[in-house]
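Q: Quick one, model.cif (mmCIF, C-alpha atoms):
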```cif
data_final
loop_
_atom_site.group_PDB
_atom_site.id
_atom_site.type_symbol
_atom_site.label_atom_id
_atom_site.label_comp_id
_atom_site.auth_asym_id
_atom_site.auth_seq_id
_atom_site.Cartn_x
_atom_site.Cartn_y
_atom_site.Cartn_z
ATOM 1 C CA MET A 201 -54.959 19.341 21.837
ATOM 2 C CA ALA A 202 -52.414 19.162 19.110
ATOM 3 C CA ILE A 203 -49.522 17.038 19.858
ATOM 4 C CA ALA A 204 -46.329 18.186 18.299
ATOM 5 C CA ARG A 205 -44.711 15.455 16.340
ATOM 6 C CA THR A 206 -41.111 14.969 16.887
ATOM 7 C CA ILE A 207 -39.020 13.302 14.306
ATOM 8 C CA ARG A 208 -36.288 11.253 15.704
ATOM 9 C CA THR A 209 -33.417 10.651 13.477
ATOM 10 C CA LYS A 210 -31.286 7.699 14.247
ATOM 11 C CA ALA A 211 -27.666 8.524 14.587
ATOM 12 C CA LYS A 212 -26.326 7.643 11.189
ATOM 13 C CA SER A 213 -23.576 5.128 11.405
ATOM 14 C CA LYS A 214 -20.941 5.038 8.734
ATOM 15 C CA PRO A 215 -21.475 2.304 6.173
ATOM 16 C CA VAL A 216 -19.069 -0.494 6.823
ATOM 17 C CA GLU A 217 -17.713 -3.150 4.540
ATOM 18 C CA ASP A 218 -16.288 -6.432 5.719
ATOM 19 C CA VAL A 219 -12.910 -7.092 4.204
ATOM 20 C CA ILE A 220 -10.187 -9.685 4.456
ATOM 21 C CA LEU A 221 -6.717 -8.375 5.178
ATOM 22 C CA PHE A 222 -3.970 -10.329 3.421
ATOM 23 C CA THR A 223 -0.241 -10.010 2.879
ATOM 24 C CA VAL A 224 1.964 -10.492 -0.175
ATOM 25 C CA HIS A 225 5.731 -9.934 0.111
ATOM 26 C CA GLY A 226 5.229 -7.818 3.193
ATOM 27 C CA MET A 227 2.617 -5.594 1.513
ATOM 28 C CA ARG A 228 -0.889 -5.494 2.956
ATOM 29 C CA PHE A 229 -4.062 -5.508 0.901
ATOM 30 C CA VAL A 230 -7.751 -5.892 1.586
ATOM 31 C CA ILE A 231 -10.418 -7.583 -0.489
ATOM 32 C CA ALA A 232 -14.175 -7.469 0.037
ATOM 33 C CA ALA A 233 -15.149 -10.457 2.161
ATOM 34 C CA ASN A 234 -18.160 -11.130 -0.047
ATOM 35 C CA ALA A 235 -15.840 -11.558 -3.042
ATOM 36 C CA VAL A 236 -14.132 -14.528 -1.394
ATOM 37 C CA GLU A 237 -15.733 -17.944 -1.385
ATOM 38 C CA GLU A 238 -13.101 -19.813 0.552
ATOM 39 C CA ILE A 239 -9.680 -19.400 2.122
ATOM 40 C CA ARG A 240 -7.683 -22.591 1.915
ATOM 41 C CA ASN A 241 -4.183 -23.964 2.112
ATOM 42 C CA MET A 242 -2.243 -25.113 -0.931
ATOM 43 C CA ASP A 243 -3.353 -28.724 -0.879
ATOM 44 C CA GLY A 244 -4.813 -30.031 -4.111
ATOM 45 C CA LEU A 245 -3.313 -27.442 -6.452
ATOM 46 C CA HIS A 246 -2.257 -28.678 -9.893
ATOM 47 C CA PRO A 247 0.810 -26.880 -11.283
ATOM 48 C CA LEU A 248 0.171 -25.100 -14.587
ATOM 49 C CA HIS A 249 2.853 -24.350 -17.124
ATOM 50 C CA ILE A 250 1.721 -21.480 -19.296
ATOM 51 C CA GLY A 251 4.131 -21.510 -22.212
ATOM 52 C CA LYS A 252 4.103 -18.494 -24.481
ATOM 53 C CA SER A 253 1.990 -15.880 -22.795
ATOM 54 C CA THR A 254 4.050 -13.587 -20.589
ATOM 55 C CA GLN A 255 0.844 -12.047 -19.293
ATOM 56 C CA LEU A 256 -0.380 -15.403 -18.032
ATOM 57 C CA ARG A 257 2.797 -16.441 -16.253
ATOM 58 C CA LYS A 258 1.179 -15.127 -13.106
ATOM 59 C CA VAL A 259 -1.191 -18.111 -13.249
ATOM 60 C CA LYS A 260 0.636 -20.841 -11.369
ATOM 61 C CA PHE A 261 -1.902 -23.498 -10.485
ATOM 62 C CA ALA A 262 -5.337 -24.865 -11.210
ATOM 63 C CA LEU A 263 -7.672 -25.882 -8.454
ATOM 64 C CA THR A 264 -10.503 -28.259 -9.158
ATOM 65 C CA GLN A 265 -13.421 -28.475 -6.792
ATOM 66 C CA HIS A 266 -16.247 -30.954 -6.920
ATOM 67 C CA ASN A 267 -19.695 -30.273 -5.590
ATOM 68 C CA ALA A 268 -22.795 -32.324 -6.347
ATOM 69 C CA SER A 269 -22.472 -33.342 -9.981
ATOM 70 C CA GLN A 270 -20.249 -30.476 -11.072
ATOM 71 C CA GLU A 271 -16.571 -29.840 -11.176
ATOM 72 C CA HIS A 272 -15.310 -26.265 -10.919
ATOM 73 C CA VAL A 273 -11.890 -25.139 -12.025
ATOM 74 C CA HIS A 274 -10.204 -22.058 -10.573
ATOM 75 C CA PHE A 275 -6.995 -20.664 -12.014
ATOM 76 C CA VAL A 276 -4.691 -19.596 -9.207
ATOM 77 C CA VAL A 277 -2.988 -16.240 -9.805
ATOM 78 C CA ASP A 278 0.244 -15.491 -7.959
ATOM 79 C CA ALA A 279 -0.609 -12.156 -6.324
ATOM 80 C CA ALA A 280 3.063 -11.134 -6.166
ATOM 81 C CA GLN A 281 3.424 -11.424 -9.935
ATOM 82 C CA HIS A 282 0.051 -9.802 -10.552
ATOM 83 C CA PHE A 283 1.117 -6.760 -8.511
ATOM 84 C CA ARG A 284 4.615 -6.820 -10.094
ATOM 85 C CA LEU A 285 6.302 -7.378 -6.751
ATOM 86 C CA ALA A 286 9.934 -8.394 -7.057
ATOM 87 C CA PRO A 287 10.847 -11.815 -5.693
ATOM 88 C CA SER A 288 11.483 -11.466 -2.011
ATOM 89 C CA ALA A 289 13.020 -13.480 0.777
ATOM 90 C CA GLU A 290 9.925 -12.556 2.778
ATOM 91 C CA SER A 291 7.720 -14.451 0.339
ATOM 92 C CA ASN A 292 6.084 -17.538 1.735
ATOM 93 C CA THR A 293 2.906 -18.259 -0.142
ATOM 94 C CA SER A 294 0.669 -20.405 1.943
ATOM 95 C CA ARG A 295 -2.921 -19.387 1.360
ATOM 96 C CA VAL A 296 -5.315 -19.434 -1.564
ATOM 97 C CA LEU A 297 -8.283 -17.078 -1.714
ATOM 98 C CA VAL A 298 -10.886 -18.698 -3.937
ATOM 99 C CA LEU A 299 -12.931 -15.903 -5.460
ATOM 100 C CA ARG A 300 -16.700 -16.023 -5.661
ATOM 101 C CA LYS A 301 -18.371 -15.985 -9.099
ATOM 102 C CA SER A 302 -14.970 -16.084 -10.748
ATOM 103 C CA VAL A 303 -12.618 -18.618 -12.276
ATOM 104 C CA ALA A 304 -9.757 -16.875 -10.474
ATOM 105 C CA ALA A 305 -8.206 -17.721 -7.151
ATOM 106 C CA LEU A 306 -5.410 -15.799 -5.517
ATOM 107 C CA LEU A 307 -2.151 -17.107 -4.098
ATOM 108 C CA VAL A 308 -1.020 -14.968 -1.155
ATOM 109 C CA ASP A 309 1.497 -15.221 1.666
ATOM 110 C CA SER A 310 -1.011 -15.065 4.495
ATOM 111 C CA THR A 311 -4.440 -13.874 5.477
ATOM 112 C CA GLU A 312 -4.262 -11.813 8.648
ATOM 113 C CA ARG A 313 -7.910 -11.480 9.650
ATOM 114 C CA MET A 314 -11.254 -10.008 8.759
ATOM 115 C CA THR A 315 -11.816 -6.373 9.508
ATOM 116 C CA GLN A 316 -14.134 -3.550 8.522
ATOM 117 C CA ILE A 317 -13.570 -0.421 6.496
ATOM 118 C CA THR A 318 -15.833 2.595 6.458
ATOM 119 C CA ALA A 319 -14.823 4.095 3.126
ATOM 120 C CA VAL A 320 -12.987 3.338 -0.062
ATOM 121 C CA ILE A 321 -11.010 6.424 -1.002
ATOM 122 C CA ALA A 322 -10.418 6.989 -4.698
ATOM 123 C CA LEU A 323 -6.871 6.465 -5.856
ATOM 124 C CA PRO A 324 -5.258 9.870 -6.525
ATOM 125 C CA LEU A 325 -5.383 10.732 -10.230
ATOM 126 C CA ALA A 326 -1.596 10.967 -10.291
ATOM 127 C CA PHE A 327 -1.533 7.184 -10.237
ATOM 128 C CA ASN A 328 -2.213 6.357 -13.856
ATOM 129 C CA GLY A 329 -0.762 2.888 -14.321
ATOM 130 C CA GLU A 330 -2.137 -0.608 -13.974
ATOM 131 C CA GLU A 331 -3.016 0.130 -10.370
ATOM 132 C CA ARG A 332 -6.135 1.898 -11.607
ATOM 133 C CA HIS A 333 -7.399 -1.556 -12.654
ATOM 134 C CA TRP A 334 -5.920 -3.433 -9.732
ATOM 135 C CA TYR A 335 -7.587 -1.406 -6.992
ATOM 136 C CA ARG A 336 -11.031 -0.081 -6.166
ATOM 137 C CA GLY A 337 -9.234 2.530 -4.107
ATOM 138 C CA LEU A 338 -7.530 2.847 -0.749
ATOM 139 C CA ALA A 339 -8.884 2.240 2.728
ATOM 140 C CA LEU A 340 -7.684 3.239 6.137
ATOM 141 C CA VAL A 341 -6.834 0.196 8.245
ATOM 142 C CA GLU A 342 -5.149 0.865 11.589
ATOM 143 C CA ASN A 343 -3.954 4.304 10.445
ATOM 144 C CA THR A 344 -2.399 2.848 7.324
ATOM 145 C CA MET A 345 -3.602 3.254 3.758
ATOM 146 C CA VAL A 346 -4.147 -0.183 2.301
ATOM 147 C CA PRO A 347 -5.200 -0.853 -1.285
ATOM 148 C CA VAL A 348 -8.644 -2.387 -1.746
ATOM 149 C CA VAL A 349 -8.169 -4.875 -4.551
ATOM 150 C CA ALA A 350 -10.624 -5.268 -7.406
ATOM 151 C CA PRO A 351 -11.409 -8.999 -7.632
ATOM 152 C CA GLU A 352 -12.283 -8.799 -11.325
ATOM 153 C CA ALA A 353 -8.785 -7.517 -12.184
ATOM 154 C CA PHE A 354 -6.934 -10.772 -11.563
ATOM 155 C CA LEU A 355 -8.054 -12.380 -14.805
ATOM 156 C CA ASN A 356 -9.763 -10.510 -17.617
ATOM 157 C CA LYS A 357 -12.113 -12.157 -20.109
ATOM 158 C CA PRO A 358 -9.499 -12.867 -22.825
ATOM 159 C CA GLU A 359 -7.146 -14.342 -20.217
ATOM 160 C CA GLU A 360 -9.954 -16.508 -18.906
ATOM 161 C CA ALA A 361 -10.753 -17.706 -22.422
ATOM 162 C CA VAL A 362 -7.130 -18.638 -23.112
ATOM 163 C CA LEU A 363 -6.816 -20.497 -19.822
ATOM 164 C CA ARG A 364 -10.057 -22.392 -20.342
ATOM 165 C CA ALA A 365 -9.041 -23.405 -23.848
ATOM 166 C CA ASP A 366 -5.604 -24.473 -22.620
ATOM 167 C CA TRP A 367 -7.089 -26.465 -19.787
ATOM 168 C CA ILE A 368 -9.633 -28.225 -21.996
ATOM 169 C CA THR A 369 -6.982 -29.026 -24.599
ATOM 170 C CA SER A 370 -4.575 -30.451 -22.057
ATOM 171 C CA HIS A 371 -7.347 -32.584 -20.567
ATOM 172 C CA SER A 372 -8.905 -33.552 -23.887
ATOM 173 C CA GLU A 373 -9.330 -37.191 -22.907
ATOM 174 C CA ASP A 374 -12.021 -36.103 -20.491
ATOM 175 C CA GLN A 375 -13.495 -33.146 -22.321
ATOM 176 C CA GLY A 376 -17.124 -33.892 -21.514
ATOM 177 C CA SER A 377 -16.783 -33.443 -17.791
ATOM 178 C CA LEU A 378 -14.286 -30.610 -18.096
ATOM 179 C CA LYS A 379 -16.546 -28.503 -20.226
ATOM 180 C CA LYS A 380 -19.062 -28.901 -17.444
ATOM 181 C CA ALA A 381 -16.493 -27.467 -15.080
ATOM 182 C CA PHE A 382 -16.840 -24.054 -16.690
ATOM 183 C CA THR A 383 -20.582 -23.896 -16.902
ATOM 184 C CA ALA A 384 -21.083 -22.505 -13.406
ATOM 185 C CA MET B 164 3.062 46.248 -13.794
ATOM 186 C CA THR B 165 6.550 44.982 -13.061
ATOM 187 C CA GLY B 166 6.222 41.382 -14.232
ATOM 188 C CA LYS B 167 7.496 40.201 -10.879
ATOM 189 C CA ARG B 168 5.957 37.018 -9.531
ATOM 190 C CA GLN B 169 6.304 34.979 -6.400
ATOM 191 C CA PHE B 170 8.206 31.728 -6.507
ATOM 192 C CA VAL B 171 9.029 29.107 -3.922
ATOM 193 C CA LEU B 172 12.659 27.995 -4.035
ATOM 194 C CA PHE B 173 13.390 24.516 -2.781
ATOM 195 C CA PRO B 174 16.620 22.547 -2.500
ATOM 196 C CA VAL B 175 17.162 19.136 -3.988
ATOM 197 C CA GLY B 176 20.662 18.146 -3.032
ATOM 198 C CA LYS B 177 23.044 21.057 -3.588
ATOM 199 C CA LYS B 178 20.902 22.642 -6.263
ATOM 200 C CA ARG B 179 17.779 24.762 -5.893
ATOM 201 C CA PHE B 180 14.725 24.703 -8.110
ATOM 202 C CA ALA B 181 11.531 26.748 -8.049
ATOM 203 C CA LEU B 182 7.798 26.458 -8.455
ATOM 204 C CA PRO B 183 5.364 29.344 -8.974
ATOM 205 C CA ALA B 184 4.105 30.241 -5.493
ATOM 206 C CA GLU B 185 0.455 29.958 -6.511
ATOM 207 C CA GLN B 186 0.983 26.222 -7.056
ATOM 208 C CA VAL B 187 2.441 25.617 -3.608
ATOM 209 C CA THR B 188 0.160 24.814 -0.713
ATOM 210 C CA GLU B 189 2.595 24.191 2.126
ATOM 211 C CA LEU B 190 5.918 22.779 3.204
ATOM 212 C CA ALA B 191 5.276 19.697 5.271
ATOM 213 C CA ARG B 192 7.545 18.125 7.806
ATOM 214 C CA PRO B 193 8.694 14.527 7.420
ATOM 215 C CA ASP B 194 5.706 12.258 7.374
ATOM 216 C CA THR B 195 5.055 8.576 7.063
ATOM 217 C CA LEU B 196 5.254 7.520 3.456
ATOM 218 C CA GLN B 197 2.686 4.822 2.813
ATOM 219 C CA VAL B 198 3.587 2.515 -0.020
ATOM 220 C CA PHE B 199 1.654 -0.008 -2.086
ATOM 221 C CA PRO B 200 2.373 -1.717 -5.405
ATOM 222 C CA HIS B 201 1.773 0.388 -8.512
ATOM 223 C CA THR B 202 3.347 1.057 -11.899
ATOM 224 C CA THR B 203 3.315 4.867 -12.059
ATOM 225 C CA ARG B 204 6.888 6.073 -12.429
ATOM 226 C CA LEU B 205 8.421 8.581 -10.011
ATOM 227 C CA HIS B 206 5.564 8.069 -7.548
ATOM 228 C CA THR B 207 6.704 6.443 -4.343
ATOM 229 C CA GLY B 208 3.467 6.221 -2.347
ATOM 230 C CA VAL B 209 1.051 8.480 -0.524
ATOM 231 C CA LEU B 210 0.929 10.710 2.536
ATOM 232 C CA VAL B 211 -2.198 11.206 4.583
ATOM 233 C CA ARG B 212 -2.502 14.795 5.732
ATOM 234 C CA ARG B 213 -5.612 16.475 7.055
ATOM 235 C CA ASN B 214 -7.850 13.782 5.579
ATOM 236 C CA HIS B 215 -6.246 14.111 2.166
ATOM 237 C CA VAL B 216 -4.494 11.246 0.450
ATOM 238 C CA ILE B 217 -1.571 12.939 -1.279
ATOM 239 C CA PRO B 218 0.529 11.148 -3.903
ATOM 240 C CA VAL B 219 4.286 11.536 -3.451
ATOM 241 C CA PHE B 220 5.989 12.582 -6.680
ATOM 242 C CA ASP B 221 9.741 12.170 -6.391
ATOM 243 C CA VAL B 222 11.032 14.531 -9.076
ATOM 244 C CA ALA B 223 14.594 14.422 -7.715
ATOM 245 C CA GLN B 224 15.216 11.344 -9.835
ATOM 246 C CA VAL B 225 14.628 13.482 -12.938
ATOM 247 C CA LEU B 226 16.245 16.670 -11.654
ATOM 248 C CA LEU B 227 19.421 15.108 -10.237
ATOM 249 C CA GLY B 228 19.379 11.465 -11.253
ATOM 250 C CA PRO B 229 19.387 8.296 -9.185
ATOM 251 C CA ASN B 230 22.056 9.557 -6.777
ATOM 252 C CA ALA B 231 19.979 12.421 -5.401
ATOM 253 C CA PRO B 232 20.496 12.708 -1.629
ATOM 254 C CA ALA B 233 17.796 11.752 0.837
ATOM 255 C CA ARG B 234 14.788 14.052 0.914
ATOM 256 C CA LYS B 235 13.551 15.217 4.314
ATOM 257 C CA PHE B 236 10.547 17.458 3.732
ATOM 258 C CA TYR B 237 7.555 17.510 1.425
ATOM 259 C CA LEU B 238 6.534 20.500 -0.640
ATOM 260 C CA ILE B 239 2.806 20.179 -1.203
ATOM 261 C CA ALA B 240 1.869 21.575 -4.600
ATOM 262 C CA ASN B 241 -1.212 21.660 -6.773
ATOM 263 C CA ARG B 242 -1.167 19.746 -10.022
ATOM 264 C CA ASN B 243 -3.680 19.830 -12.828
ATOM 265 C CA ILE B 244 -4.373 16.239 -13.790
ATOM 266 C CA ALA B 245 -6.895 15.584 -16.550
ATOM 267 C CA GLY B 246 -8.647 18.857 -15.751
ATOM 268 C CA HIS B 247 -8.749 18.216 -12.002
ATOM 269 C CA GLN B 248 -6.695 19.910 -9.343
ATOM 270 C CA GLU B 249 -4.894 17.473 -7.076
ATOM 271 C CA TRP B 250 -2.330 17.939 -4.354
ATOM 272 C CA THR B 251 1.060 16.342 -4.855
ATOM 273 C CA ALA B 252 3.866 16.001 -2.330
ATOM 274 C CA VAL B 253 7.304 16.683 -3.763
ATOM 275 C CA PRO B 254 10.138 15.439 -1.537
ATOM 276 C CA VAL B 255 12.812 18.122 -1.027
ATOM 277 C CA THR B 256 16.035 18.153 0.965
ATOM 278 C CA GLY B 257 15.651 21.263 3.093
ATOM 279 C CA GLU B 258 13.902 24.506 3.899
ATOM 280 C CA CYS B 259 12.154 26.507 1.196
ATOM 281 C CA GLU B 260 12.282 30.233 0.462
ATOM 282 C CA LEU B 261 9.659 32.537 -0.967
ATOM 283 C CA ILE B 262 10.905 35.226 -3.335
ATOM 284 C CA MET B 263 9.390 37.892 -5.581
ATOM 285 C CA ILE B 264 11.289 38.187 -8.817
ATOM 286 C CA GLU B 265 10.896 38.665 -12.544
ATOM 287 C CA ALA B 266 11.426 35.424 -14.419
ATOM 288 C CA ARG B 267 13.604 35.151 -17.498
ATOM 289 C CA PRO B 268 12.629 33.057 -20.483
ATOM 290 C CA ARG B 269 14.100 29.567 -20.771
ATOM 291 C CA THR B 270 16.773 28.886 -23.296
ATOM 292 C CA SER B 271 16.475 26.257 -25.988
ATOM 293 C CA ASN B 272 19.007 23.894 -24.453
ATOM 294 C CA MET B 273 17.144 23.622 -21.149
ATOM 295 C CA PRO B 274 15.516 20.364 -20.077
ATOM 296 C CA PHE B 275 11.907 19.953 -21.228
ATOM 297 C CA TYR B 276 10.450 20.540 -17.753
ATOM 298 C CA VAL B 277 12.041 23.996 -17.242
ATOM 299 C CA THR B 278 9.513 26.777 -17.913
ATOM 300 C CA CYS B 279 11.660 29.816 -17.081
ATOM 301 C CA LEU B 280 14.729 30.901 -15.132
ATOM 302 C CA LEU B 281 15.254 33.006 -12.029
ATOM 303 C CA SER B 282 18.436 34.992 -11.949
ATOM 304 C CA LEU B 283 19.542 35.395 -8.317
ATOM 305 C CA GLU B 284 22.736 37.013 -7.059
ATOM 306 C CA ASP B 285 24.970 34.019 -7.424
ATOM 307 C CA GLU B 286 22.791 31.356 -8.930
ATOM 308 C CA ILE B 287 20.405 30.655 -11.758
ATOM 309 C CA VAL B 288 17.373 28.716 -10.597
ATOM 310 C CA GLU B 289 15.242 26.641 -12.941
ATOM 311 C CA VAL B 290 11.467 26.960 -12.533
ATOM 312 C CA ILE B 291 10.016 23.525 -13.140
ATOM 313 C CA ASP B 292 6.683 22.280 -14.388
ATOM 314 C CA LEU B 293 5.524 19.193 -12.453
ATOM 315 C CA ASP B 294 2.981 18.245 -15.108
ATOM 316 C CA GLN B 295 5.685 18.302 -17.791
ATOM 317 C CA ILE B 296 7.877 16.013 -15.697
ATOM 318 C CA ALA B 297 4.956 13.630 -15.191
ATOM 319 C CA SER B 298 3.995 13.614 -18.850
ATOM 320 C CA GLY B 299 7.623 13.263 -19.874
ATOM 321 C CA GLU B 300 7.840 10.201 -17.698
ATOM 322 C CA VAL B 301 4.629 8.765 -19.073
ATOM 323 C CA ALA B 302 6.006 9.190 -22.571
ATOM 324 C CA ALA B 303 9.350 7.653 -21.602
#
```
Could you rewrite the structure in this file as structure tokens?
A:
Amino acid sequence: MAIARTIRTKAKSKPVEDVILFTVHGMRFVIAANAVEEIRNMDGLHPLHIGKSTQLRKVKFALTQHNASQEHVHFVVDAAQHFRLAPSAESNTSRVLVLRKSVAALLVDSTERMTQITAVIALPLAFNGEERHWYRGLALVENTMVPVVAPEAFLNKPEEAVLRADWITSHSEDQGSLKKAFTA
Amino acid sequence: MTGKRQFVLFPVGKKRFALPAEQVTELARPDTLQVFPHTTRLHTGVLVRRNHVIPVFDVAQVLLGPNAPARKFYLIANRNIAGHQEWTAVPVTGECELIMIEARPRTSNMPFYVTCLLSLEDEIVEVIDLDQIASGEVAA
């Protein structure tokens, strides 16, 4: 007797992505949770004074972290300046998102919570400015379109190089260990 | 062939402008404008309508200047951006009107975004080109 084979297809669930919802000057953003290594307060930040480069004025602090025998330096980008948000009375930076596999960290007002998104919707083509680099797209979070930030956009390679050189120069008395800080 | 075409007239403040009817998808009621930081001029945010994310292109700033009155409705139009068709919401101040009329050629002293003119009983209406306004702003 032939037994008819039935193929059961599992109900396909929508792919989900874990994201961290954060706020800057009252604006909400999300970032992929796997792009963030740590969320911390502002303790231990070293103020940076970037002189000539207008583009790098968004970098406000350096954060050094020690683990095992290595020291890691993260350059902390003020998210409000990165996104060209005008100074606001609402601003109250209190959290730092340390990015994974990056020398960048991000200074934000607050992190709300982790949530999940089911799709990243492409930014409409009409938007043709810097936002095309800033965002991976838009995502629906609680019936609101929220930009999904691109972690690699906070500091590009030339900016990283300038910051590293600046940092090493300003800490030249201890160059040996500082060079190690960037080898990760 | 008469040369008559359909146009959608829409008010921005006390003045009316027009778009070719084939570019217009619908007139939408007030909707929630969703904003996020960006650097594209004249764009104020997006609307979400029927699963479409529609950029809001506020041309009133070009047509009337910074003192244009508040816009209540959205005219949803098709734009050709880099070879792709994309919906755009244009904020307007009131109800729209569909007319069939023969367009007159633009005159040399017209703004760069005017493609032709519609001569109505007691008004001359400028037919505008959204892509020209956008590219004019990019160049600015």
Q: When you get a sec, could you note down which chain A residues fall within 12 Å of chain B, using all atoms listed in the file, as a VMD selection string?
A: chain A and resid 223 to 230 279 to 286 320 to 335 337 to 341 343 to 349
Q: Choose the residue, out of B:Ala240, B:Pro229, B:Ala223, B:Arg213, that has the smallest atom-to-atom separation from Leu182 (chain B); count all atoms listed in the file.
A: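 Between B:Ala240, B:Pro229, B:Ala223, B:Arg213, the residue approaching Leu182 (chain B) most closely is B:Ala240.
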Q: Which one of A:Thr293, A:Leu363, A:Asp278, A:Ala350 sits closest to Arg336 (chain A) if you count all atoms listed in the file?
A: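 Among the listed residues, the smallest separation from Arg336 (chain A) belongs to A:Ala350.
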Q: Distance CA of Lys177 (chain B)-CA of Ser271 (chain B), one decimal place?
A: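 One can read the CA of Lys177 (chain B) to CA of Ser271 (chain B) distance as 23.9 Å.
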Q: State, in Å with one decimal place, the distance from CA of Asn292 (chain A) to CA of Asp309 (chain A).
A: 5.1 Å
Q: Could you tell me how far CA of Ala235 (chain A) sits from CA of Lys357 (chain A), in Å to one decimal place?
A: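 So the answer is 17.5 Å.
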Q: Translate the PyMOL selection byres ((chain B and resi 288) around 12), as applied to the file shown, into an explicit residue set as an NGL selection string.
A: :B and (170-175 or 177-182 or 262 or 264 or 266-269 or 273 or 277-287 or 289-291)
Q: Can you pull out every residue within 12 Å of Val303 (chain A), counting all atoms listed in the file, but drop anything in the same chain fewer than 5 positions away, and send it as a ChimeraX atom specification?
A: /A:236-237,259,261-265,271-277,297-298,351-357,359-361,363-364,381-384
Q: Give me the result of the PyMOL selection byres ((chain B and resi 232) around 12) on this file, residue by residue, as a ChimeraX atom specification.
A: /B:174-178,221,223-224,226-231,233-235,254-257
Q: Which residue gives the smallest distance to Leu238 (chain B) among B:Glu185, B:Phe275, B:Cys259, B:Thr207, with all atoms listed in the file counted?
A: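 So, comparing all the options, the nearest one is B:Cys259.
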Q: Could you spell out the hits of the PyMOL selection byres ((chain B and resi 168) around 7) on the shown file, as a list in words?
A: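 With the PyMOL selection byres ((chain B and resi 168) around 7) on this model, the match is Gly166, Lys167, Gln169, Phe170, Met263, Ile264 and Glu265 of chain B.
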Q: Just the selected residues (C-alpha atoms), exported as an mmCIF file, in the frame of the given file, please.
A:
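What landed in result_20.cif:
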```
data_model
loop_
_atom_site.group_PDB
_atom_site.id
_atom_site.type_symbol
_atom_site.label_atom_id
_atom_site.label_comp_id
_atom_site.auth_asym_id
_atom_site.auth_seq_id
_atom_site.Cartn_x
_atom_site.Cartn_y
_atom_site.Cartn_z
ATOM 1 C CA GLY B 166 6.222 41.382 -14.232
ATOM 2 C CA LYS B 167 7.496 40.201 -10.879
ATOM 3 C CA GLN B 169 6.304 34.979 -6.400
ATOM 4 C CA PHE B 170 8.206 31.728 -6.507
ATOM 5 C CA MET B 263 9.390 37.892 -5.581
ATOM 6 C CA ILE B 264 11.289 38.187 -8.817
ATOM 7 C CA GLU B 265 10.896 38.665 -12.544
#
```
Q: Measuring atom to atom with only C-alpha atoms, identify which of A:Val216, A:Leu221, A:Leu248, A:Val362 is nearest to Thr311 (chain A).
A: A:Leu221
Q: Rank nothing, just name the residue among A:Leu256, A:Ile250, A:Ile239, A:Leu245 nearest to Ser310 (chain A), using only C-alpha atoms.
A: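 Closest candidate: A:Ile239.
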